[in-house]
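Structure below is entry.cif: mmCIF, N, CA and C atoms; chains and numbers go by the auth columns.
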data_work
#
loop_
_atom_site.group_PDB
_atom_site.id
_atom_site.type_symbol
_atom_site.label_atom_id
_atom_site.label_comp_id
_atom_site.label_asym_id
_atom_site.label_seq_id
_atom_site.Cartn_x
_atom_site.Cartn_y
_atom_site.Cartn_z
_atom_site.B_iso_or_equiv
_atom_site.auth_seq_id
_atom_site.auth_asym_id
ATOM 1 N N GLY A 1 -3.514 36.093 142.023 0.00 118 A
ATOM 2 C CA GLY A 1 -2.946 34.784 142.204 0.00 118 A
ATOM 3 C C GLY A 1 -3.856 33.867 142.995 0.00 118 A
ATOM 4 N N THR A 2 -3.732 32.604 142.753 0.00 119 A
ATOM 5 C CA THR A 2 -4.504 31.604 143.473 0.00 119 A
ATOM 6 C C THR A 2 -3.678 31.109 144.650 0.00 119 A
ATOM 7 N N PRO A 3 -4.249 31.087 145.861 0.00 120 A
ATOM 8 C CA PRO A 3 -3.483 30.585 147.000 0.00 120 A
ATOM 9 C C PRO A 3 -2.922 29.197 146.704 0.00 120 A
ATOM 10 N N GLY A 4 -1.685 28.970 147.136 0.00 121 A
ATOM 11 C CA GLY A 4 -1.069 27.679 146.922 0.00 121 A
ATOM 12 C C GLY A 4 -0.357 27.557 145.587 0.00 121 A
ATOM 13 N N ARG A 5 -0.387 28.595 144.806 0.00 122 A
ATOM 14 C CA ARG A 5 0.298 28.575 143.514 0.00 122 A
ATOM 15 C C ARG A 5 1.317 29.693 143.485 0.00 122 A
ATOM 16 N N GLY A 6 2.094 29.729 142.431 0.00 123 A
ATOM 17 C CA GLY A 6 3.094 30.774 142.283 0.00 123 A
ATOM 18 C C GLY A 6 2.453 32.121 142.006 0.00 123 A
ATOM 19 N N PRO A 7 3.258 33.166 142.036 0.00 124 A
ATOM 20 C CA PRO A 7 2.744 34.505 141.789 0.00 124 A
ATOM 21 C C PRO A 7 2.164 34.639 140.392 0.00 124 A
ATOM 22 N N ALA A 8 1.195 35.498 140.254 0.00 125 A
ATOM 23 C CA ALA A 8 0.546 35.761 138.970 0.00 125 A
ATOM 24 C C ALA A 8 0.230 37.249 138.904 0.00 125 A
ATOM 25 N N GLU A 9 -0.281 37.683 137.771 0.00 126 A
ATOM 26 C CA GLU A 9 -0.702 39.075 137.657 0.00 126 A
ATOM 27 C C GLU A 9 -1.834 39.316 138.651 0.00 126 A
ATOM 28 N N PRO A 10 -1.928 40.493 139.244 0.00 127 A
ATOM 29 C CA PRO A 10 -1.097 41.661 138.970 0.00 127 A
ATOM 30 C C PRO A 10 0.214 41.697 139.755 0.00 127 A
ATOM 31 N N TYR A 11 0.456 40.723 140.628 0.00 128 A
ATOM 32 C CA TYR A 11 1.665 40.764 141.453 0.00 128 A
ATOM 33 C C TYR A 11 2.937 40.784 140.608 0.00 128 A
ATOM 34 N N THR A 12 3.024 39.947 139.583 0.00 129 A
ATOM 35 C CA THR A 12 4.258 39.902 138.804 0.00 129 A
ATOM 36 C C THR A 12 4.554 41.248 138.143 0.00 129 A
ATOM 37 N N GLY A 13 3.524 41.979 137.772 0.00 130 A
ATOM 38 C CA GLY A 13 3.732 43.313 137.216 0.00 130 A
ATOM 39 C C GLY A 13 4.264 44.286 138.251 0.00 130 A
ATOM 40 N N LEU A 14 3.813 44.141 139.487 0.00 131 A
ATOM 41 C CA LEU A 14 4.252 45.023 140.574 0.00 131 A
ATOM 42 C C LEU A 14 5.719 44.801 140.935 0.00 131 A
ATOM 43 N N ILE A 15 6.234 43.608 140.619 0.00 132 A
ATOM 44 C CA ILE A 15 7.646 43.315 140.896 0.00 132 A
ATOM 45 C C ILE A 15 8.455 43.312 139.597 0.00 132 A
ATOM 46 N N ASP A 16 7.980 44.058 138.621 0.00 133 A
ATOM 47 C CA ASP A 16 8.680 44.228 137.343 0.00 133 A
ATOM 48 C C ASP A 16 8.982 42.904 136.641 0.00 133 A
ATOM 49 N N GLY A 17 8.108 41.915 136.848 0.00 134 A
ATOM 50 C CA GLY A 17 8.275 40.628 136.182 0.00 134 A
ATOM 51 C C GLY A 17 9.418 39.781 136.703 0.00 134 A
ATOM 52 N N LYS A 18 9.959 40.117 137.865 0.00 135 A
ATOM 53 C CA LYS A 18 11.143 39.437 138.398 0.00 135 A
ATOM 54 C C LYS A 18 10.794 38.215 139.254 0.00 135 A
ATOM 55 N N ALA A 19 9.941 37.343 138.724 0.00 136 A
ATOM 56 C CA ALA A 19 9.539 36.157 139.485 0.00 136 A
ATOM 57 C C ALA A 19 10.732 35.251 139.770 0.00 136 A
ATOM 58 N N GLY A 20 11.678 35.172 138.841 0.00 137 A
ATOM 59 C CA GLY A 20 12.874 34.356 139.058 0.00 137 A
ATOM 60 C C GLY A 20 13.723 34.891 140.198 0.00 137 A
ATOM 61 N N ASP A 21 13.884 36.215 140.243 0.00 138 A
ATOM 62 C CA ASP A 21 14.638 36.839 141.329 0.00 138 A
ATOM 63 C C ASP A 21 13.936 36.619 142.665 0.00 138 A
ATOM 64 N N LEU A 22 12.603 36.679 142.650 0.00 139 A
ATOM 65 C CA LEU A 22 11.816 36.436 143.861 0.00 139 A
ATOM 66 C C LEU A 22 12.073 35.023 144.374 0.00 139 A
ATOM 67 N N ALA A 23 11.992 34.049 143.479 0.00 140 A
ATOM 68 C CA ALA A 23 12.213 32.655 143.872 0.00 140 A
ATOM 69 C C ALA A 23 13.626 32.473 144.438 0.00 140 A
ATOM 70 N N SER A 24 14.599 33.114 143.815 0.00 141 A
ATOM 71 C CA SER A 24 15.981 33.017 144.296 0.00 141 A
ATOM 72 C C SER A 24 16.121 33.613 145.693 0.00 141 A
ATOM 73 N N ALA A 25 15.488 34.766 145.920 0.00 142 A
ATOM 74 C CA ALA A 25 15.577 35.428 147.225 0.00 142 A
ATOM 75 C C ALA A 25 14.952 34.567 148.319 0.00 142 A
ATOM 76 N N ILE A 26 13.795 33.980 148.032 0.00 143 A
ATOM 77 C CA ILE A 26 13.146 33.113 149.024 0.00 143 A
ATOM 78 C C ILE A 26 13.995 31.869 149.252 0.00 143 A
ATOM 79 N N GLY A 27 14.544 31.305 148.177 0.00 144 A
ATOM 80 C CA GLY A 27 15.401 30.124 148.298 0.00 144 A
ATOM 81 C C GLY A 27 16.626 30.392 149.151 0.00 144 A
ATOM 82 N N GLN A 28 17.252 31.546 148.955 0.00 145 A
ATOM 83 C CA GLN A 28 18.426 31.905 149.752 0.00 145 A
ATOM 84 C C GLN A 28 18.063 32.037 151.227 0.00 145 A
ATOM 85 N N TRP A 29 16.920 32.655 151.511 0.00 146 A
ATOM 86 C CA TRP A 29 16.477 32.821 152.895 0.00 146 A
ATOM 87 C C TRP A 29 16.247 31.436 153.530 0.00 146 A
ATOM 88 N N CYS A 30 15.625 30.553 152.766 0.00 147 A
ATOM 89 C CA CYS A 30 15.322 29.216 153.294 0.00 147 A
ATOM 90 C C CYS A 30 16.588 28.442 153.643 0.00 147 A
ATOM 91 N N LYS A 31 17.643 28.594 152.859 0.00 148 A
ATOM 92 C CA LYS A 31 18.894 27.866 153.130 0.00 148 A
ATOM 93 C C LYS A 31 19.388 28.132 154.546 0.00 148 A
ATOM 94 N N GLY A 32 19.252 29.365 155.008 0.00 149 A
ATOM 95 C CA GLY A 32 19.752 29.711 156.329 0.00 149 A
ATOM 96 C C GLY A 32 18.742 29.623 157.448 0.00 149 A
ATOM 97 N N HIS A 33 17.438 29.631 157.105 0.00 150 A
ATOM 98 C CA HIS A 33 16.414 29.729 158.148 0.00 150 A
ATOM 99 C C HIS A 33 15.392 28.591 158.162 0.00 150 A
ATOM 100 N N ALA A 34 15.151 27.974 157.029 0.00 151 A
ATOM 101 C CA ALA A 34 14.162 26.887 156.942 0.00 151 A
ATOM 102 C C ALA A 34 14.657 25.874 155.915 0.00 151 A
ATOM 103 N N PRO A 35 15.780 25.214 156.218 0.00 152 A
ATOM 104 C CA PRO A 35 16.417 24.346 155.220 0.00 152 A
ATOM 105 C C PRO A 35 15.598 23.144 154.776 0.00 152 A
ATOM 106 N N THR A 36 14.578 22.765 155.536 0.00 153 A
ATOM 107 C CA THR A 36 13.764 21.619 155.120 0.00 153 A
ATOM 108 C C THR A 36 12.647 22.014 154.165 0.00 153 A
ATOM 109 N N ALA A 37 12.422 23.302 153.971 0.00 154 A
ATOM 110 C CA ALA A 37 11.372 23.750 153.043 0.00 154 A
ATOM 111 C C ALA A 37 11.777 23.431 151.611 0.00 154 A
ATOM 112 N N THR A 38 10.825 22.923 150.842 0.00 155 A
ATOM 113 C CA THR A 38 11.090 22.618 149.440 0.00 155 A
ATOM 114 C C THR A 38 10.267 23.488 148.502 0.00 155 A
ATOM 115 N N SER A 39 9.255 24.187 149.042 0.00 156 A
ATOM 116 C CA SER A 39 8.465 25.085 148.200 0.00 156 A
ATOM 117 C C SER A 39 7.840 26.183 149.049 0.00 156 A
ATOM 118 N N ALA A 40 7.457 27.252 148.346 0.00 157 A
ATOM 119 C CA ALA A 40 6.793 28.391 148.977 0.00 157 A
ATOM 120 C C ALA A 40 5.529 28.681 148.183 0.00 157 A
ATOM 121 N N SER A 41 4.412 28.795 148.876 0.00 158 A
ATOM 122 C CA SER A 41 3.138 29.063 148.221 0.00 158 A
ATOM 123 C C SER A 41 2.731 30.511 148.430 0.00 158 A
ATOM 124 N N PHE A 42 2.451 31.196 147.348 0.00 159 A
ATOM 125 C CA PHE A 42 1.976 32.569 147.392 0.00 159 A
ATOM 126 C C PHE A 42 0.576 32.579 147.985 0.00 159 A
ATOM 127 N N ASP A 43 0.343 33.419 148.999 0.00 160 A
ATOM 128 C CA ASP A 43 -0.971 33.396 149.643 0.00 160 A
ATOM 129 C C ASP A 43 -1.997 34.297 148.963 0.00 160 A
ATOM 130 N N GLY A 44 -1.584 35.009 147.924 0.00 161 A
ATOM 131 C CA GLY A 44 -2.528 35.820 147.162 0.00 161 A
ATOM 132 C C GLY A 44 -2.699 37.236 147.656 0.00 161 A
ATOM 133 N N GLU A 45 -2.035 37.598 148.757 0.00 162 A
ATOM 134 C CA GLU A 45 -2.172 38.951 149.291 0.00 162 A
ATOM 135 C C GLU A 45 -0.907 39.749 149.035 0.00 162 A
ATOM 136 N N VAL A 46 -1.095 40.983 148.569 0.00 163 A
ATOM 137 C CA VAL A 46 0.023 41.882 148.280 0.00 163 A
ATOM 138 C C VAL A 46 -0.272 43.222 148.930 0.00 163 A
ATOM 139 N N TYR A 47 0.752 43.802 149.564 0.00 164 A
ATOM 140 C CA TYR A 47 0.634 45.132 150.150 0.00 164 A
ATOM 141 C C TYR A 47 1.498 46.072 149.325 0.00 164 A
ATOM 142 N N VAL A 48 0.899 47.143 148.823 0.00 165 A
ATOM 143 C CA VAL A 48 1.621 48.113 148.018 0.00 165 A
ATOM 144 C C VAL A 48 1.726 49.417 148.798 0.00 165 A
ATOM 145 N N ASP A 49 2.953 49.846 149.059 0.00 166 A
ATOM 146 C CA ASP A 49 3.223 51.129 149.693 0.00 166 A
ATOM 147 C C ASP A 49 3.601 52.086 148.557 0.00 166 A
ATOM 148 N N VAL A 50 2.613 52.852 148.081 0.00 167 A
ATOM 149 C CA VAL A 50 2.818 53.702 146.918 0.00 167 A
ATOM 150 C C VAL A 50 3.857 54.782 147.200 0.00 167 A
ATOM 151 N N ARG A 51 3.761 55.436 148.338 0.00 168 A
ATOM 152 C CA ARG A 51 4.723 56.491 148.667 0.00 168 A
ATOM 153 C C ARG A 51 6.123 55.936 148.855 0.00 168 A
ATOM 154 N N GLY A 52 6.231 54.804 149.508 0.00 169 A
ATOM 155 C CA GLY A 52 7.537 54.203 149.765 0.00 169 A
ATOM 156 C C GLY A 52 8.077 53.395 148.595 0.00 169 A
ATOM 157 N N ARG A 53 7.253 53.236 147.556 0.00 170 A
ATOM 158 C CA ARG A 53 7.628 52.439 146.379 0.00 170 A
ATOM 159 C C ARG A 53 8.111 51.055 146.787 0.00 170 A
ATOM 160 N N ARG A 54 7.290 50.389 147.592 0.00 171 A
ATOM 161 C CA ARG A 54 7.634 49.085 148.154 0.00 171 A
ATOM 162 C C ARG A 54 6.434 48.159 147.986 0.00 171 A
ATOM 163 N N VAL A 55 6.694 46.919 147.605 0.00 172 A
ATOM 164 C CA VAL A 55 5.644 45.907 147.438 0.00 172 A
ATOM 165 C C VAL A 55 5.998 44.720 148.328 0.00 172 A
ATOM 166 N N SER A 56 5.066 44.314 149.191 0.00 173 A
ATOM 167 C CA SER A 56 5.290 43.184 150.099 0.00 173 A
ATOM 168 C C SER A 56 4.267 42.088 149.804 0.00 173 A
ATOM 169 N N ALA A 57 4.706 40.857 149.920 0.00 174 A
ATOM 170 C CA ALA A 57 3.796 39.719 149.763 0.00 174 A
ATOM 171 C C ALA A 57 4.241 38.619 150.710 0.00 174 A
ATOM 172 N N THR A 58 3.281 37.808 151.158 0.00 175 A
ATOM 173 C CA THR A 58 3.616 36.725 152.071 0.00 175 A
ATOM 174 C C THR A 58 3.507 35.379 151.365 0.00 175 A
ATOM 175 N N PHE A 59 4.335 34.461 151.832 0.00 176 A
ATOM 176 C CA PHE A 59 4.412 33.114 151.285 0.00 176 A
ATOM 177 C C PHE A 59 4.455 32.121 152.434 0.00 176 A
ATOM 178 N N HIS A 60 3.831 30.968 152.243 0.00 177 A
ATOM 179 C CA HIS A 60 3.852 29.889 153.227 0.00 177 A
ATOM 180 C C HIS A 60 4.813 28.816 152.743 0.00 177 A
ATOM 181 N N LEU A 61 5.747 28.435 153.607 0.00 178 A
ATOM 182 C CA LEU A 61 6.698 27.385 153.266 0.00 178 A
ATOM 183 C C LEU A 61 6.127 26.027 153.650 0.00 178 A
ATOM 184 N N ASP A 62 6.659 24.979 153.025 0.00 179 A
ATOM 185 C CA ASP A 62 6.162 23.624 153.316 0.00 179 A
ATOM 186 C C ASP A 62 7.019 22.878 154.340 0.00 179 A
ATOM 187 N N ASP A 63 7.752 23.623 155.175 0.00 180 A
ATOM 188 C CA ASP A 63 8.532 22.972 156.228 0.00 180 A
ATOM 189 C C ASP A 63 7.613 22.547 157.375 0.00 180 A
ATOM 190 N N ALA A 64 8.148 21.814 158.332 0.00 181 A
ATOM 191 C CA ALA A 64 7.340 21.291 159.437 0.00 181 A
ATOM 192 C C ALA A 64 6.682 22.397 160.259 0.00 181 A
ATOM 193 N N ALA A 65 7.326 23.553 160.354 0.00 182 A
ATOM 194 C CA ALA A 65 6.781 24.668 161.130 0.00 182 A
ATOM 195 C C ALA A 65 5.777 25.500 160.345 0.00 182 A
ATOM 196 N N ALA A 66 5.576 25.181 159.060 0.00 183 A
ATOM 197 C CA ALA A 66 4.696 25.971 158.188 0.00 183 A
ATOM 198 C C ALA A 66 5.064 27.457 158.269 0.00 183 A
ATOM 199 N N THR A 67 6.351 27.728 158.107 0.00 184 A
ATOM 200 C CA THR A 67 6.887 29.074 158.222 0.00 184 A
ATOM 201 C C THR A 67 6.245 30.017 157.214 0.00 184 A
ATOM 202 N N ILE A 68 5.967 31.223 157.664 0.00 185 A
ATOM 203 C CA ILE A 68 5.444 32.276 156.788 0.00 185 A
ATOM 204 C C ILE A 68 6.557 33.305 156.608 0.00 185 A
ATOM 205 N N VAL A 69 6.845 33.645 155.357 0.00 186 A
ATOM 206 C CA VAL A 69 7.864 34.652 155.073 0.00 186 A
ATOM 207 C C VAL A 69 7.235 35.810 154.305 0.00 186 A
ATOM 208 N N THR A 70 7.847 36.964 154.459 0.00 187 A
ATOM 209 C CA THR A 70 7.429 38.144 153.715 0.00 187 A
ATOM 210 C C THR A 70 8.547 38.533 152.765 0.00 187 A
ATOM 211 N N ALA A 71 8.193 38.678 151.499 0.00 188 A
ATOM 212 C CA ALA A 71 9.148 39.137 150.494 0.00 188 A
ATOM 213 C C ALA A 71 8.822 40.600 150.199 0.00 188 A
ATOM 214 N N VAL A 72 9.828 41.452 150.328 0.00 189 A
ATOM 215 C CA VAL A 72 9.660 42.884 150.067 0.00 189 A
ATOM 216 C C VAL A 72 10.467 43.243 148.832 0.00 189 A
ATOM 217 N N TYR A 73 9.798 43.886 147.882 0.00 190 A
ATOM 218 C CA TYR A 73 10.453 44.343 146.665 0.00 190 A
ATOM 219 C C TYR A 73 10.576 45.855 146.748 0.00 190 A
ATOM 220 N N GLU A 74 11.797 46.343 146.712 0.00 191 A
ATOM 221 C CA GLU A 74 12.047 47.780 146.853 0.00 191 A
ATOM 222 C C GLU A 74 13.340 48.118 146.136 0.00 191 A
ATOM 223 N N GLY A 75 13.318 49.160 145.330 0.00 192 A
ATOM 224 C CA GLY A 75 14.531 49.583 144.643 0.00 192 A
ATOM 225 C C GLY A 75 15.056 48.553 143.669 0.00 192 A
ATOM 226 N N GLY A 76 14.168 47.725 143.108 0.00 193 A
ATOM 227 C CA GLY A 76 14.579 46.739 142.114 0.00 193 A
ATOM 228 C C GLY A 76 15.107 45.449 142.684 0.00 193 A
ATOM 229 N N ALA A 77 15.073 45.290 144.019 0.00 194 A
ATOM 230 C CA ALA A 77 15.624 44.085 144.644 0.00 194 A
ATOM 231 C C ALA A 77 14.679 43.563 145.730 0.00 194 A
ATOM 232 N N PHE A 78 14.863 42.292 146.064 0.00 195 A
ATOM 233 C CA PHE A 78 14.039 41.648 147.081 0.00 195 A
ATOM 234 C C PHE A 78 14.792 41.477 148.393 0.00 195 A
ATOM 235 N N SER A 79 14.051 41.574 149.483 0.00 196 A
ATOM 236 C CA SER A 79 14.545 41.143 150.785 0.00 196 A
ATOM 237 C C SER A 79 13.474 40.227 151.361 0.00 196 A
ATOM 238 N N VAL A 80 13.900 39.235 152.125 0.00 197 A
ATOM 239 C CA VAL A 80 12.972 38.251 152.674 0.00 197 A
ATOM 240 C C VAL A 80 13.174 38.189 154.188 0.00 197 A
ATOM 241 N N ALA A 81 12.068 38.145 154.927 0.00 198 A
ATOM 242 C CA ALA A 81 12.111 38.018 156.380 0.00 198 A
ATOM 243 C C ALA A 81 11.027 37.056 156.813 0.00 198 A
ATOM 244 N N GLY A 82 11.271 36.382 157.943 0.00 199 A
ATOM 245 C CA GLY A 82 10.271 35.435 158.423 0.00 199 A
ATOM 246 C C GLY A 82 10.271 35.357 159.925 0.00 199 A
#

Exercise: express the given structure as structure tokens:
Amino acid sequence: GTPGRGPAEPYTGLIDGKAGDLASAIGQWCKGHAPTATSASFDGEVYVDVRGRRVSATFHLDDAAATIVTAVYEGGAFSVAG
């Protein structure tokens, strides 16, 4: 992926093509934690925990604090923390 753009291969393959679910998970997190953010930019870095079957990636939000969130894909679902 190119920094500042949405996710691309190989990341989308690592999350089973669930880019829509990823966007929804980040959007839900933003509603409660960074309500002024209107977009999230994929930073291009992905951490794969092969044994734990977990994929993590970081995103930069466009809110005033330039919040950084981590999206974790595990067991077919996303969790987001920032």

Contacts of range 171-184 of chain A at 8 Å or less, counting all atoms listed in the file, minus same-chain residues fewer than 6 places along, as a PDB file with N, CA and C atoms, in the frame of the given file?
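This is the output file result.pdb:
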ATOM      1  N   GLY A 121      -1.685  28.970 147.136  1.00  0.00           N
ATOM      2  CA  GLY A 121      -1.069  27.679 146.922  1.00  0.00           C
ATOM      3  C   GLY A 121      -0.357  27.557 145.587  1.00  0.00           C
ATOM      4  N   LEU A 131       3.813  44.141 139.487  1.00  0.00           N
ATOM      5  CA  LEU A 131       4.252  45.023 140.574  1.00  0.00           C
ATOM      6  C   LEU A 131       5.719  44.801 140.935  1.00  0.00           C
ATOM      7  N   ILE A 132       6.234  43.608 140.619  1.00  0.00           N
ATOM      8  CA  ILE A 132       7.646  43.315 140.896  1.00  0.00           C
ATOM      9  C   ILE A 132       8.455  43.312 139.597  1.00  0.00           C
ATOM     10  N   ALA A 151      15.151  27.974 157.029  1.00  0.00           N
ATOM     11  CA  ALA A 151      14.162  26.887 156.942  1.00  0.00           C
ATOM     12  C   ALA A 151      14.657  25.874 155.915  1.00  0.00           C
ATOM     13  N   PRO A 152      15.780  25.214 156.218  1.00  0.00           N
ATOM     14  CA  PRO A 152      16.417  24.346 155.220  1.00  0.00           C
ATOM     15  C   PRO A 152      15.598  23.144 154.776  1.00  0.00           C
ATOM     16  N   THR A 153      14.578  22.765 155.536  1.00  0.00           N
ATOM     17  CA  THR A 153      13.764  21.619 155.120  1.00  0.00           C
ATOM     18  C   THR A 153      12.647  22.014 154.165  1.00  0.00           C
ATOM     19  N   ALA A 154      12.422  23.302 153.971  1.00  0.00           N
ATOM     20  CA  ALA A 154      11.372  23.750 153.043  1.00  0.00           C
ATOM     21  C   ALA A 154      11.777  23.431 151.611  1.00  0.00           C
ATOM     22  N   THR A 155      10.825  22.923 150.842  1.00  0.00           N
ATOM     23  CA  THR A 155      11.090  22.618 149.440  1.00  0.00           C
ATOM     24  C   THR A 155      10.267  23.488 148.502  1.00  0.00           C
ATOM     25  N   SER A 156       9.255  24.187 149.042  1.00  0.00           N
ATOM     26  CA  SER A 156       8.465  25.085 148.200  1.00  0.00           C
ATOM     27  C   SER A 156       7.840  26.183 149.049  1.00  0.00           C
ATOM     28  N   ALA A 157       7.457  27.252 148.346  1.00  0.00           N
ATOM     29  CA  ALA A 157       6.793  28.391 148.977  1.00  0.00           C
ATOM     30  C   ALA A 157       5.529  28.681 148.183  1.00  0.00           C
ATOM     31  N   SER A 158       4.412  28.795 148.876  1.00  0.00           N
ATOM     32  CA  SER A 158       3.138  29.063 148.221  1.00  0.00           C
ATOM     33  C   SER A 158       2.731  30.511 148.430  1.00  0.00           C
ATOM     34  N   PHE A 159       2.451  31.196 147.348  1.00  0.00           N
ATOM     35  CA  PHE A 159       1.976  32.569 147.392  1.00  0.00           C
ATOM     36  C   PHE A 159       0.576  32.579 147.985  1.00  0.00           C
ATOM     37  N   ASP A 160       0.343  33.419 148.999  1.00  0.00           N
ATOM     38  CA  ASP A 160      -0.971  33.396 149.643  1.00  0.00           C
ATOM     39  C   ASP A 160      -1.997  34.297 148.963  1.00  0.00           C
ATOM     40  N   GLY A 161      -1.584  35.009 147.924  1.00  0.00           N
ATOM     41  CA  GLY A 161      -2.528  35.820 147.162  1.00  0.00           C
ATOM     42  C   GLY A 161      -2.699  37.236 147.656  1.00  0.00           C
ATOM     43  N   GLU A 162      -2.035  37.598 148.757  1.00  0.00           N
ATOM     44  CA  GLU A 162      -2.172  38.951 149.291  1.00  0.00           C
ATOM     45  C   GLU A 162      -0.907  39.749 149.035  1.00  0.00           C
ATOM     46  N   VAL A 163      -1.095  40.983 148.569  1.00  0.00           N
ATOM     47  CA  VAL A 163       0.023  41.882 148.280  1.00  0.00           C
ATOM     48  C   VAL A 163      -0.272  43.222 148.930  1.00  0.00           C
ATOM     49  N   TYR A 164       0.752  43.802 149.564  1.00  0.00           N
ATOM     50  CA  TYR A 164       0.634  45.132 150.150  1.00  0.00           C
ATOM     51  C   TYR A 164       1.498  46.072 149.325  1.00  0.00           C
ATOM     52  N   VAL A 165       0.899  47.143 148.823  1.00  0.00           N
ATOM     53  CA  VAL A 165       1.621  48.113 148.018  1.00  0.00           C
ATOM     54  C   VAL A 165       1.726  49.417 148.798  1.00  0.00           C
ATOM     55  N   TYR A 190       9.798  43.886 147.882  1.00  0.00           N
ATOM     56  CA  TYR A 190      10.453  44.343 146.665  1.00  0.00           C
ATOM     57  C   TYR A 190      10.576  45.855 146.748  1.00  0.00           C
ATOM     58  N   GLU A 191      11.797  46.343 146.712  1.00  0.00           N
ATOM     59  CA  GLU A 191      12.047  47.780 146.853  1.00  0.00           C
ATOM     60  C   GLU A 191      13.340  48.118 146.136  1.00  0.00           C
ATOM     61  N   GLY A 192      13.318  49.160 145.330  1.00  0.00           N
ATOM     62  CA  GLY A 192      14.531  49.583 144.643  1.00  0.00           C
ATOM     63  C   GLY A 192      15.056  48.553 143.669  1.00  0.00           C
ATOM     64  N   GLY A 199      11.271  36.382 157.943  1.00  0.00           N
ATOM     65  CA  GLY A 199      10.271  35.435 158.423  1.00  0.00           C
ATOM     66  C   GLY A 199      10.271  35.357 159.925  1.00  0.00           C
TER      67      GLY A 199
END

Review point. So what do you get for CA of Cys147 in chain A versus CA of Phe195 in chain A, distance-wise?
Key: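 Going from CA of Cys147 in chain A over to CA of Phe195 in chain A, I get 14.0 Å.
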
Review point. Which of chain A counts as alpha helix (DSSP H) under DSSP, as a list in words please?
Key: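 Output for chain A, alpha helix (DSSP H) only: Tyr128, Thr129, Gly130, Leu131, Ala136, Gly137, Asp138, Leu139, Ala140, Ser141, Ala142, Ile143, Gly144, Gln145, Trp146, Cys147, Lys148, Gly149 and His150 of chain A.
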
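For the pair CA of Gln145 in chain A and CA of Arg168 in chain A, the interatomic distance is 28.2 Å.
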
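Proximity to range 137-142 of chain A at 8 Å, evaluated using all atoms listed in the file and with sequence-adjacent residues fewer than 2 positions away removed, yields Gly134, Lys135, Gly144, Gln145, Trp146, Cys147, Lys148, Ala188, Ala194, Phe195, Ser196 and Val197 of chain A.
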
Practice item. Report the residues of chain A whose backbone DSSP state falls under strand (DSSP E or B), written as a ChimeraX atom specification. Key: /A:122,157-166,171-178,185-191,194-198

Practice item. Just give me the gap between CA of Ala198 in chain A and CA of His150 in chain A in Å, one decimal is fine. Key: 9.5 Å
